[in-house]
>>> print(open('structure11.cif').read())   # mmCIF, C-alpha atoms
data_work
loop_
_atom_site.label_atom_id
_atom_site.label_comp_id
_atom_site.auth_asym_id
_atom_site.auth_seq_id
_atom_site.Cartn_x
_atom_site.Cartn_y
_atom_site.Cartn_z
CA MET A 23 44.99 -19.29 28.96
CA THR A 24 43.72 -19.87 25.45
CA GLU A 25 43.54 -23.37 23.98
CA GLN A 26 46.45 -22.51 21.68
CA GLU A 27 48.60 -21.37 24.63
CA VAL A 28 47.77 -24.53 26.57
CA GLN A 29 48.72 -26.70 23.60
CA GLY A 30 52.01 -24.84 23.21
CA LEU A 31 52.75 -25.41 26.89
CA VAL A 32 51.87 -29.10 26.55
CA ASP A 33 54.45 -29.48 23.78
CA ASP A 34 57.11 -27.72 25.87
CA VAL A 35 56.41 -29.86 28.93
CA LYS A 36 56.48 -33.07 26.88
CA ASP A 37 59.97 -32.20 25.66
CA LEU A 38 61.10 -31.44 29.22
CA ILE A 39 59.64 -34.72 30.51
CA GLU A 40 61.68 -36.64 27.92
CA GLN A 41 64.78 -34.83 29.24
CA ASN A 42 63.66 -35.46 32.86
CA ALA A 43 64.15 -31.73 33.48
CA ARG A 44 62.09 -31.63 36.68
CA GLY A 45 63.39 -28.23 37.77
CA HIS A 46 62.56 -26.60 34.45
CA ILE A 47 59.03 -28.02 34.51
CA ALA A 48 58.49 -26.77 38.07
CA ASN A 49 59.67 -23.29 37.07
CA LEU A 50 57.41 -23.35 34.03
CA LEU A 51 54.37 -24.07 36.24
CA THR A 52 55.22 -21.56 38.98
CA ASP A 53 53.35 -18.57 37.54
CA LEU A 54 50.33 -20.51 36.26
CA HIS A 55 46.91 -20.36 37.89
CA PRO A 56 45.83 -23.71 39.44
CA ALA A 57 42.96 -23.96 36.93
CA ASP A 58 45.44 -23.59 34.05
CA ILE A 59 47.69 -26.27 35.54
CA ALA A 60 44.62 -28.53 35.81
CA ASP A 61 43.83 -27.92 32.11
CA LEU A 62 47.43 -28.80 31.32
CA LEU A 63 47.31 -32.03 33.32
CA ASP A 64 44.13 -33.12 31.57
CA LYS A 65 46.04 -33.14 28.26
CA PHE A 66 48.60 -35.73 29.40
CA SER A 67 48.64 -39.48 29.81
CA GLU A 68 48.07 -40.91 33.29
CA GLU A 69 51.79 -41.56 33.82
CA ASN A 70 52.90 -38.07 32.78
CA ARG A 71 50.04 -36.51 34.73
CA ARG A 72 51.33 -38.09 37.94
CA TYR A 73 54.90 -37.07 37.06
CA ILE A 74 53.91 -33.39 36.72
CA PHE A 75 51.63 -33.39 39.76
CA GLU A 76 54.44 -34.66 41.99
CA LEU A 77 56.45 -31.52 41.10
CA LEU A 78 53.82 -29.17 42.56
CA ASP A 79 54.24 -27.84 46.09
CA THR A 80 51.55 -28.79 48.59
CA GLU A 81 49.64 -25.50 48.50
CA VAL A 82 49.38 -25.44 44.70
CA ALA A 83 48.65 -29.17 44.53
CA SER A 84 45.71 -28.75 46.94
CA ASP A 85 44.14 -26.23 44.54
CA VAL A 86 44.97 -28.13 41.35
CA ILE A 87 43.54 -31.49 42.50
CA LEU A 88 40.13 -29.82 42.87
CA GLU A 89 40.21 -28.48 39.31
CA VAL A 90 41.18 -31.56 37.29
CA GLU A 91 38.53 -33.74 35.66
CA ASP A 92 36.82 -36.20 38.02
CA ALA A 93 38.27 -39.32 36.41
CA HIS A 94 41.79 -37.86 36.43
CA ARG A 95 41.46 -36.77 40.07
CA GLU A 96 40.39 -40.29 41.03
CA SER A 97 43.46 -41.69 39.27
CA LEU A 98 45.81 -39.24 40.99
CA LEU A 99 44.33 -39.99 44.41
CA GLU A 100 44.63 -43.76 43.90
CA ARG A 101 48.39 -43.60 43.25
CA MET A 102 49.27 -40.91 45.82
CA ASP A 103 51.09 -41.93 48.99
CA GLU A 104 49.30 -41.24 52.27
CA HIS A 105 51.83 -38.70 53.55
CA ARG A 106 51.50 -36.51 50.45
CA LEU A 107 47.72 -36.92 50.50
CA SER A 108 47.54 -35.91 54.17
CA GLU A 109 49.53 -32.75 53.49
CA ILE A 110 47.22 -31.80 50.61
CA VAL A 111 44.03 -32.44 52.59
CA GLU A 112 45.33 -30.43 55.55
CA GLU A 113 45.94 -27.46 53.24
CA MET A 114 42.31 -27.36 52.04
CA ASP A 115 39.21 -25.63 53.37
CA SER A 116 36.95 -27.97 55.30
CA ASP A 117 34.40 -28.40 52.50
CA ASP A 118 37.04 -29.23 49.87
CA ALA A 119 38.87 -31.56 52.25
CA THR A 120 35.59 -33.36 52.89
CA ASP A 121 34.99 -33.82 49.16
CA ILE A 122 38.43 -35.37 48.70
CA VAL A 123 38.23 -37.63 51.76
CA GLY A 124 34.74 -38.72 50.69
CA GLU A 125 36.17 -40.01 47.39
CA LEU A 126 38.78 -42.20 49.12
CA PRO A 127 38.38 -45.87 50.10
CA SER A 128 37.20 -46.10 53.71
CA ASP A 129 40.49 -47.50 55.04
CA VAL A 130 42.56 -44.79 53.32
CA ALA A 131 40.14 -42.06 54.44
CA GLU A 132 40.39 -43.26 58.02
CA ALA A 133 44.19 -43.24 57.88
CA ILE A 134 44.22 -39.71 56.44
CA LEU A 135 41.88 -38.42 59.15
CA GLU A 136 44.12 -39.96 61.81
CA SER A 137 47.25 -38.31 60.40
CA ILE A 138 46.02 -34.70 59.95
CA ASP A 139 45.52 -32.03 62.60
CA LYS A 140 42.77 -33.00 65.07
CA GLN A 141 40.73 -29.84 64.47
CA ASP A 142 40.83 -30.38 60.70
CA SER A 143 39.96 -34.04 61.18
CA ASP A 144 37.00 -33.20 63.41
CA GLU A 145 35.70 -30.69 60.87
CA VAL A 146 35.84 -33.23 58.05
CA LYS A 147 34.14 -35.88 60.18
CA GLU A 148 31.40 -33.37 61.05
CA LEU A 149 30.77 -32.51 57.39
CA LEU A 150 30.78 -36.17 56.32
CA LYS A 151 27.65 -36.67 58.43
CA TYR A 152 25.60 -34.57 55.99
CA PRO A 153 24.14 -35.94 52.74
CA GLU A 154 26.49 -35.21 49.85
CA GLU A 155 23.98 -33.08 47.89
CA SER A 156 22.64 -31.09 50.84
CA ALA A 157 23.62 -27.61 52.04
CA GLY A 158 25.51 -29.26 54.87
CA GLY A 159 27.39 -31.41 52.37
CA ILE A 160 28.76 -28.41 50.44
CA MET A 161 29.18 -25.85 53.24
CA ALA A 162 32.49 -24.82 54.82
CA LEU A 163 32.96 -24.50 58.56
CA GLU A 164 35.32 -21.54 58.14
CA PHE A 165 33.43 -18.27 58.68
CA VAL A 166 33.65 -15.11 60.78
CA SER A 167 30.97 -14.52 63.38
CA VAL A 168 30.59 -12.16 66.33
CA GLN A 169 27.95 -11.73 68.98
CA GLN A 170 25.53 -8.85 68.54
CA THR A 171 26.79 -7.29 71.79
CA ALA A 172 30.34 -6.90 70.36
CA THR A 173 31.78 -3.65 69.01
CA VAL A 174 33.10 -2.86 65.53
CA ALA A 175 36.67 -2.95 66.87
CA GLU A 176 36.14 -6.44 68.26
CA ALA A 177 34.64 -7.61 64.97
CA ILE A 178 37.66 -6.29 63.02
CA GLU A 179 39.98 -8.08 65.42
CA GLN A 180 38.01 -11.29 64.84
CA ILE A 181 38.52 -10.89 61.08
CA ARG A 182 42.27 -10.44 61.57
CA LYS A 183 42.48 -13.64 63.57
CA ALA A 184 40.54 -15.58 60.94
CA ALA A 185 42.36 -14.11 57.91
CA GLU A 186 44.99 -16.86 57.70
CA GLU A 187 42.43 -19.65 57.76
CA ILE A 188 39.75 -18.07 55.53
CA SER A 189 40.79 -17.05 52.02
CA GLU A 190 37.67 -15.03 51.16
CA ILE A 191 35.65 -13.04 53.71
CA TYR A 192 32.51 -11.39 52.36
CA ASN A 193 30.42 -10.82 55.48
CA VAL A 194 30.58 -11.05 59.24
CA TYR A 195 27.69 -13.09 60.63
CA VAL A 196 26.06 -12.00 63.86
CA THR A 197 24.69 -14.35 66.53
CA ASP A 198 23.16 -14.05 69.97
CA GLU A 199 24.68 -15.57 73.10
CA HIS A 200 23.20 -18.98 72.16
CA GLY A 201 24.74 -19.05 68.66
CA ILE A 202 21.45 -18.29 66.89
CA LEU A 203 21.96 -16.36 63.65
CA THR A 204 20.43 -12.89 64.12
CA GLY A 205 22.00 -10.76 61.40
CA VAL A 206 24.76 -10.11 58.90
CA LEU A 207 27.28 -7.30 58.62
CA PRO A 208 28.78 -6.47 55.21
CA LEU A 209 32.46 -5.50 55.33
CA ARG A 210 31.74 -2.06 53.89
CA GLN A 211 29.46 -1.20 56.79
CA LEU A 212 32.07 -2.46 59.22
CA ILE A 213 34.81 -0.30 57.71
CA ILE A 214 32.86 2.98 57.74
CA SER A 215 31.51 2.56 61.28
CA SER A 216 33.09 3.89 64.47
CA PRO A 217 35.23 1.32 66.37
CA THR A 218 33.07 1.73 69.48
CA THR A 219 29.76 1.20 67.71
CA LYS A 220 27.78 -1.85 68.80
CA ILE A 221 27.26 -4.50 66.11
CA SER A 222 23.56 -4.71 66.99
CA ALA A 223 23.15 -1.07 65.93
CA ILE A 224 24.50 -1.49 62.38
CA MET A 225 23.82 -5.12 61.46
CA GLU A 226 21.23 -6.13 58.86
CA THR A 227 18.60 -8.28 60.54
CA ASP A 228 16.92 -9.34 57.30
CA VAL A 229 19.49 -12.06 56.60
CA MET A 230 18.94 -14.78 54.02
CA SER A 231 20.02 -18.20 55.26
CA VAL A 232 19.55 -21.87 54.34
CA THR A 233 19.14 -24.95 56.51
CA SER A 234 21.78 -27.67 56.54
CA ASP A 235 19.35 -30.29 55.19
CA MET A 236 18.24 -28.20 52.18
CA ASP A 237 19.00 -29.70 48.75
CA GLN A 238 22.02 -28.11 47.07
CA GLU A 239 19.98 -27.29 43.95
CA GLU A 240 17.52 -25.29 46.04
CA VAL A 241 20.45 -23.48 47.68
CA ALA A 242 21.77 -22.56 44.22
CA ASN A 243 18.35 -21.20 43.25
CA ILE A 244 18.27 -18.99 46.37
CA VAL A 245 21.79 -17.67 45.76
CA GLY A 246 20.89 -16.86 42.15
CA LYS A 247 17.56 -15.28 43.04
CA TYR A 248 18.98 -12.92 45.66
CA ASP A 249 22.39 -12.29 43.98
CA LEU A 250 24.36 -13.55 46.97
CA VAL A 251 28.11 -14.21 47.04
CA ALA A 252 27.84 -16.23 50.25
CA VAL A 253 24.97 -17.63 52.29
CA PRO A 254 25.03 -18.73 55.96
CA VAL A 255 23.88 -22.23 56.89
CA VAL A 256 21.88 -22.88 60.05
CA ASN A 257 20.62 -26.04 61.72
CA ASN A 258 16.96 -26.70 62.53
CA GLN A 259 17.30 -24.69 65.74
CA GLY A 260 18.66 -21.64 63.92
CA ASN A 261 22.27 -22.00 65.10
CA LEU A 262 24.92 -20.82 62.64
CA VAL A 263 26.90 -23.91 61.52
CA GLY A 264 28.63 -22.93 58.27
CA ARG A 265 28.59 -20.91 55.06
CA ILE A 266 28.37 -21.61 51.34
CA THR A 267 30.26 -19.37 48.91
CA ILE A 268 29.65 -18.57 45.26
CA ASP A 269 32.43 -20.90 44.02
CA ASP A 270 30.60 -23.83 45.62
CA ILE A 271 27.36 -22.74 43.95
CA ILE A 272 29.04 -22.64 40.54
CA ASP A 273 30.25 -26.20 41.11
CA VAL A 274 26.71 -27.25 42.07
CA LEU A 275 25.21 -25.69 38.94
CA GLU A 276 27.79 -27.38 36.72
CA GLU A 277 27.20 -30.70 38.45
CA GLU A 278 23.41 -30.45 38.19
CA VAL A 279 23.49 -29.44 34.51
CA SER A 280 25.85 -32.32 33.67
CA GLU A 281 23.67 -34.73 35.62
CA ASP A 282 20.44 -33.58 33.96
CA ILE A 283 21.88 -33.66 30.45
CA SER A 284 23.24 -37.17 31.04
CA LYS A 285 19.95 -38.42 32.40
CA MET A 286 17.97 -36.82 29.57
CA VAL A 287 19.78 -39.02 27.07
CA GLY A 288 19.53 -42.06 29.32
CA THR A 289 23.11 -42.38 30.54
CA ASP A 290 25.29 -41.51 33.55
CA GLU A 291 27.20 -38.26 34.17
CA GLU A 292 30.40 -40.28 34.78
CA GLU A 293 30.35 -41.63 31.23
CA ILE A 294 32.71 -38.98 29.80
CA GLY A 295 35.61 -40.11 31.94
CA GLU A 296 34.74 -43.82 32.01
CA THR A 297 36.96 -46.13 29.96
CA SER A 298 35.05 -49.38 30.54
CA ALA A 299 32.78 -50.12 27.58
CA LEU A 300 30.85 -52.58 29.76
CA LYS A 301 29.95 -49.91 32.34
CA VAL A 302 28.92 -47.35 29.71
CA ALA A 303 26.77 -49.95 27.95
CA GLY A 304 25.17 -50.78 31.31
CA TRP A 305 24.22 -47.11 31.83
CA ARG A 306 22.81 -46.67 28.33
CA LEU A 307 21.18 -50.04 27.73
CA PRO A 308 18.03 -49.75 29.93
CA TRP A 309 16.85 -46.63 28.11
CA ILE A 310 17.89 -47.92 24.70
CA ILE A 311 15.76 -50.99 25.43
CA THR A 312 12.92 -48.61 26.27
CA SER A 313 13.30 -47.08 22.81
CA LEU A 314 13.50 -50.55 21.27
CA CYS A 315 10.22 -51.52 22.94
CA GLY A 316 8.70 -48.34 21.55
CA GLY A 317 9.89 -49.31 18.07
CA VAL A 318 8.35 -52.77 18.40
CA LEU A 319 5.06 -51.23 19.57
CA SER A 320 5.17 -48.84 16.63
CA GLY A 321 5.58 -51.80 14.29
CA ILE A 322 2.59 -53.53 15.87
CA ILE A 323 0.50 -50.38 15.44
CA ILE A 324 1.44 -50.13 11.74
CA SER A 325 0.55 -53.80 11.22
CA ARG A 326 -2.94 -53.15 12.63
CA PHE A 327 -3.55 -50.59 9.88
CA LYS A 328 -2.45 -52.72 6.92
CA GLU A 329 -5.90 -52.40 5.39
CA THR A 330 -5.58 -48.61 5.51
CA LEU A 331 -2.18 -48.76 3.80
CA GLY A 332 -3.57 -50.93 1.02
CA PRO A 333 -5.65 -48.38 -0.89
CA LEU A 334 -3.18 -45.55 -0.22
CA LEU A 335 0.34 -46.95 0.00
CA ALA A 336 1.78 -43.42 -0.13
CA LEU A 337 0.77 -43.08 3.55
CA ALA A 338 3.92 -45.06 4.38
CA PHE A 339 6.08 -42.34 2.81
CA PHE A 340 5.28 -39.93 5.61
CA ILE A 341 5.60 -42.17 8.69
CA PRO A 342 9.18 -40.96 9.42
CA VAL A 343 8.29 -37.26 9.23
CA ILE A 344 5.25 -37.65 11.51
CA THR A 345 7.19 -39.53 14.21
CA ALA A 346 10.31 -37.35 13.89
CA MET A 347 8.41 -34.06 14.21
CA GLY A 348 6.43 -35.29 17.21
CA GLY A 349 9.61 -36.55 18.89
CA ASN A 350 11.52 -33.33 18.30
CA ILE A 351 8.73 -31.09 19.56
CA GLY A 352 8.24 -33.32 22.59
CA LEU A 353 11.95 -33.22 23.45
CA GLN A 354 12.04 -29.42 23.13
CA SER A 355 9.07 -29.06 25.45
CA SER A 356 10.30 -31.65 27.97
CA SER A 357 13.83 -30.21 28.03
CA MET A 358 12.52 -26.77 28.94
CA THR A 359 10.20 -28.32 31.53
CA VAL A 360 13.05 -30.25 33.17
CA ARG A 361 15.11 -27.06 33.27
CA GLY A 362 12.17 -25.12 34.72
CA LEU A 363 11.64 -27.72 37.43
CA ALA A 364 15.35 -27.69 38.27
CA THR A 365 15.55 -23.89 38.54
CA GLY A 366 12.22 -23.53 40.33
CA GLU A 367 10.62 -21.56 37.47
CA ILE A 368 7.94 -24.24 37.12
CA ASP A 369 5.95 -25.49 40.09
CA MET A 370 2.55 -27.07 40.65
CA HIS A 371 0.96 -23.69 41.38
CA HIS A 372 1.67 -22.51 37.83
CA LEU A 373 1.07 -25.84 36.09
CA MET A 374 -2.09 -24.83 34.23
CA ARG A 375 -0.54 -21.60 33.03
CA ARG A 376 2.49 -23.47 31.74
CA LEU A 377 0.35 -26.19 30.16
CA TRP A 378 -1.81 -23.60 28.41
CA ARG A 379 1.32 -21.91 27.06
CA GLU A 380 2.72 -25.17 25.67
CA LEU A 381 -0.66 -26.05 24.16
CA ARG A 382 -0.77 -22.71 22.33
CA ILE A 383 2.81 -23.19 21.13
CA GLY A 384 1.94 -26.69 19.92
CA ILE A 385 -1.15 -25.45 18.07
CA LEU A 386 0.80 -22.64 16.39
CA MET A 387 3.66 -24.91 15.30
CA GLY A 388 1.15 -27.58 14.29
CA ILE A 389 -0.69 -25.15 12.00
CA ILE A 390 2.53 -23.95 10.37
CA CYS A 391 4.19 -27.38 9.96
CA GLY A 392 0.96 -29.18 9.13
CA GLY A 393 0.04 -26.60 6.52
CA ALA A 394 3.52 -26.70 4.99
CA VAL A 395 3.66 -30.49 4.69
CA SER A 396 0.11 -30.62 3.36
CA LEU A 397 1.10 -28.22 0.58
CA VAL A 398 4.23 -30.27 -0.18
CA VAL A 399 2.20 -33.48 -0.43
CA PHE A 400 -0.35 -31.89 -2.74
CA LEU A 401 2.30 -30.38 -5.05
CA TRP A 402 4.36 -33.58 -5.05
CA LEU A 403 1.72 -36.32 -5.35
CA ARG A 404 -1.27 -34.28 -6.53
CA ASN A 405 -3.46 -35.97 -3.96
CA GLU A 406 -5.70 -33.65 -1.94
CA LEU A 407 -6.93 -36.36 0.45
CA LEU A 408 -3.39 -37.49 1.32
CA GLY A 409 -2.40 -33.86 1.86
CA ILE A 410 -5.27 -33.38 4.31
CA ILE A 411 -4.42 -36.61 6.15
CA VAL A 412 -0.69 -35.87 6.52
CA GLY A 413 -1.22 -32.20 7.39
CA GLY A 414 -4.00 -32.93 9.87
CA ALA A 415 -2.06 -35.75 11.51
CA MET A 416 1.03 -33.57 11.87
CA PHE A 417 -1.01 -30.78 13.45
CA CYS A 418 -2.49 -33.19 16.00
CA ALA A 419 0.81 -35.02 16.63
CA ILE A 420 2.74 -31.79 17.29
CA THR A 421 0.03 -30.43 19.58
CA VAL A 422 -0.09 -33.67 21.59
CA ALA A 423 3.73 -33.90 21.69
CA ALA A 424 4.09 -30.37 23.08
CA THR A 425 1.53 -31.22 25.79
CA LEU A 426 3.16 -34.56 26.66
CA GLY A 427 6.51 -32.80 26.83
CA ILE A 428 5.36 -30.89 29.89
CA LEU A 429 3.02 -33.48 31.44
CA VAL A 430 5.49 -36.41 31.51
CA PRO A 431 8.29 -34.64 33.45
CA ILE A 432 5.78 -33.12 35.88
CA PHE A 433 4.15 -36.53 36.37
CA PHE A 434 7.49 -38.13 37.24
CA ASN A 435 8.41 -35.18 39.44
CA LYS A 436 5.14 -35.68 41.33
CA LEU A 437 6.09 -39.33 41.88
CA LYS A 438 9.45 -38.19 43.34
CA VAL A 439 11.29 -39.64 40.34
CA ASP A 440 13.94 -37.45 38.70
CA PRO A 441 12.11 -36.03 35.63
CA ALA A 442 15.35 -35.88 33.65
CA LEU A 443 15.30 -39.69 33.49
CA ALA A 444 12.03 -39.69 31.55
CA SER A 445 12.65 -36.78 29.24
CA GLY A 446 14.70 -38.52 26.56
CA PRO A 447 13.85 -42.05 25.44
CA PHE A 448 10.49 -42.18 27.25
CA VAL A 449 9.09 -38.98 25.72
CA THR A 450 10.39 -39.95 22.27
CA MET A 451 8.81 -43.40 22.55
CA SER A 452 5.44 -42.07 23.73
CA ASN A 453 5.35 -39.46 20.96
CA ASP A 454 6.21 -42.05 18.30
CA ILE A 455 3.32 -44.24 19.44
CA THR A 456 0.77 -41.43 19.79
CA GLY A 457 1.91 -39.96 16.46
CA LEU A 458 1.30 -43.24 14.62
CA VAL A 459 -2.06 -43.79 16.30
CA ILE A 460 -3.14 -40.27 15.31
CA TYR A 461 -1.81 -40.65 11.76
CA PHE A 462 -3.37 -43.99 10.93
CA GLY A 463 -6.50 -43.34 12.97
CA LEU A 464 -7.18 -40.13 11.05
CA ALA A 465 -6.33 -41.86 7.74
CA SER A 466 -8.75 -44.71 8.48
CA LEU A 467 -11.58 -42.32 9.35
CA LEU A 468 -11.11 -40.12 6.28
CA LEU A 469 -10.64 -43.02 3.89
CA LYS A 470 -13.77 -44.70 5.21
CA TRP A 471 -15.71 -41.42 5.08
CA THR A 472 -14.67 -40.71 1.49
CA GLY A 473 -15.23 -44.32 0.44
CA VAL A 474 -11.63 -44.81 -0.72
CA GLY A 475 -11.04 -47.63 1.78
#
>>> encode(input="structure11.cif", output="structure tokens")
Amino acid sequence: MTEQEVQGLVDDVKDLIEQNARGHIANLLTDLHPADIADLLDKFSEENRRYIFELLDTEVASDVILEVEDAHRESLLERMDEHRLSEIVEEMDSDDATDIVGELPSDVAEAILESIDKQDSDEVKELLKYPEESAGGIMALEFVSVQQTATVAEAIEQIRKAAEEISEIYNVYVTDEHGILTGVLPLRQLIISSPTTKISAIMETDVMSVTSDMDQEEVANIVGKYDLVAVPVVNNQGNLVGRITIDDIIDVLEEEVSEDISKMVGTDEEEIGETSALKVAGWRLPWIITSLCGGVLSGIIISRFKETLGPLLALAFFIPVITAMGGNIGLQSSSMTVRGLATGEIDMHHLMRRLWRELRIGILMGIICGGAVSLVVFLWLRNELLGIIVGGAMFCAITVAATLGILVPIFFNKLKVDPALASGPFVTMSNDITGLVIYFGLASLLLKWTGVG
């Protein structure tokens, strides 16, 4: 649905809510996709959101609750009675049910697990053992597998039995008698093969799998690299324990991007939905203080060069442009480095190649920007020496900033600290300080050399 269509539907539903026309609202939502219903719910107040959600049948509600914004889902779960919540959880795939149960208070989660089907409860408890951001934490336990000694007919029968429980079946996984993953069988190959053919004769043995303890970001990289729609998960012994599908990978990518962007500006990914000003301030304040410390240090640096400013006060005119250009270039470089580290495009083996590339980029941009500002200074103030100082300082500051932009995230990554945390305020602060040192250091040298100072 387009934004305009959603807004039109919002207006219609608001009118129906005022009339308490529950049946009309339910009919209006019947033909909508769960994602569209979630978009609709996000437009309403908390009270009306609960009102509409209560009108959804259990199957639809189990899909919609996964699509609404995190803060709104938390609010809906808090106010939902346990019976309704149990019905919704029981309707979900094991991985989605685990996500929902994991968000509940421990006493409520325990009550829900006691009230749902034992098999479903056991599956959720099994998945809760894995770290939230691991392959095990995002995998589903619903998959189709057959032993390699089975026939095509037996494999098709296995699919038929699993069809009610599994919404999307992309492959049949093949194991040996001990449950070790040995191959994969695409559905196309299964369909065109004779019913009596042995699975071992037609399966693909070169199967890409991930271990249950692998980080979810690494799993996403593998799925993207090999264009997979689903990937099997094995334990450390090679036993098949679950599968991860493309919809889970999309969620991971969205989550990781949101997390990295939030960290790059020194805040928390939950800020968008957070209403407490105190909490948001708490997330932002540490990195804002980092920037404040950088500003104080910059002031101290300027004060140390007061003798340099004396004979050429116009140097002060260009402090903002020097620090701003260095900060911007540094952020560009660090942002791409953080992205490269996250996607696996940058690793320690290719560090020197990447560093050399950023250095060349910095030199090229430094020559262009430094030359341009030098010309502007000369035409504006008719001062050749000042033009050389500003242009030379900008060239050096941009080159250093581009280099720091790649070195700082890699340094933090080496220390096992999330590089996204350092890529915003820290890189800006360091580039401000180095830019000022370069600017006034070069000015002092040239002024002393020319005898102006």
>>> resolve_selection(input="structure11.cif", expression="the PyMOL selection byres ((chain A and resi 159) around 12)", output="ChimeraX atom specification")
/A:116-121,124,145-158,160-163,233-239,241,255,263-266,270,274
>>> resolve_selection(input="structure11.cif", expression="the PyMOL selection byres ((chain A and resi 391) around 10)", output="MDAnalysis selection string")
chainID A and resid 347 385:390 392:397 413:414 416:417 420
>>> resolve_selection(input="structure11.cif", expression="the PyMOL selection byres ((chain A and resi 113) around 9)", output="PyMOL selection string")
chain A and resi 80-81+84-85+108-112+114-115+119
>>> atom_distance(input="structure11.cif", atom1="CA of Asn257 (chain A)", atom2="CA of Lys140 (chain A)")
23.5 Å
>>> closest_residue(input="structure11.cif", among="A:Met102, A:Ile221, A:Ile428, A:Ile138", to="Ala172 (chain A)", atoms="all atoms listed in the file")
A:Ile221
>>> atom_distance(input="structure11.cif", atom1="CA of Leu262 (chain A)", atom2="CA of Thr197 (chain A)")
7.6 Å
>>> closest_residue(input="structure11.cif", among="A:Leu363, A:Glu27, A:Asp79, A:Trp378", to="Phe434 (chain A)", atoms="only C-alpha atoms")
A:Leu363
>>> atom_distance(input="structure11.cif", atom1="CA of Ile323 (chain A)", atom2="CA of Pro441 (chain A)")
27.4 Å
>>> residues_near_point(input="structure11.cif", point="(29.4, -1.2, 54.7)", cutoff="12 Å", atoms="only C-alpha atoms", output="list in words")
Val174, Tyr192, Asn193, Val194, Val206, Leu207, Pro208, Leu209, Arg210, Gln211, Leu212, Ile213, Ile214, Ser215, Ser216, Ile224, Met225 and Glu226 of chain A
>>> closest_residue(input="structure11.cif", among="A:Thr450, A:Gln180, A:Thr359, A:Thr267", to="Asn435 (chain A)", atoms="all atoms listed in the file")
A:Thr359
>>> closest_residue(input="structure11.cif", among="A:Leu126, A:Val166, A:Val82, A:Met451", to="Glu186 (chain A)", atoms="all atoms listed in the file")
A:Val166
>>> residues_near_point(input="structure11.cif", point="(58.3, -25.3, 32.0)", cutoff="12 Å", atoms="only C-alpha atoms", output="list in words")
Val28, Gly30, Leu31, Val32, Asp33, Asp34, Val35, Lys36, Asp37, Leu38, Ile39, Gln41, Asn42, Ala43, Arg44, Gly45, His46, Ile47, Ala48, Asn49, Leu50, Leu51, Thr52, Asp53, Leu54, Ile59, Leu62, Ile74 and Leu77 of chain A
>>> closest_residue(input="structure11.cif", among="A:Val439, A:Leu337, A:Ile268, A:Val449", to="Ser357 (chain A)", atoms="only C-alpha atoms")
A:Val449
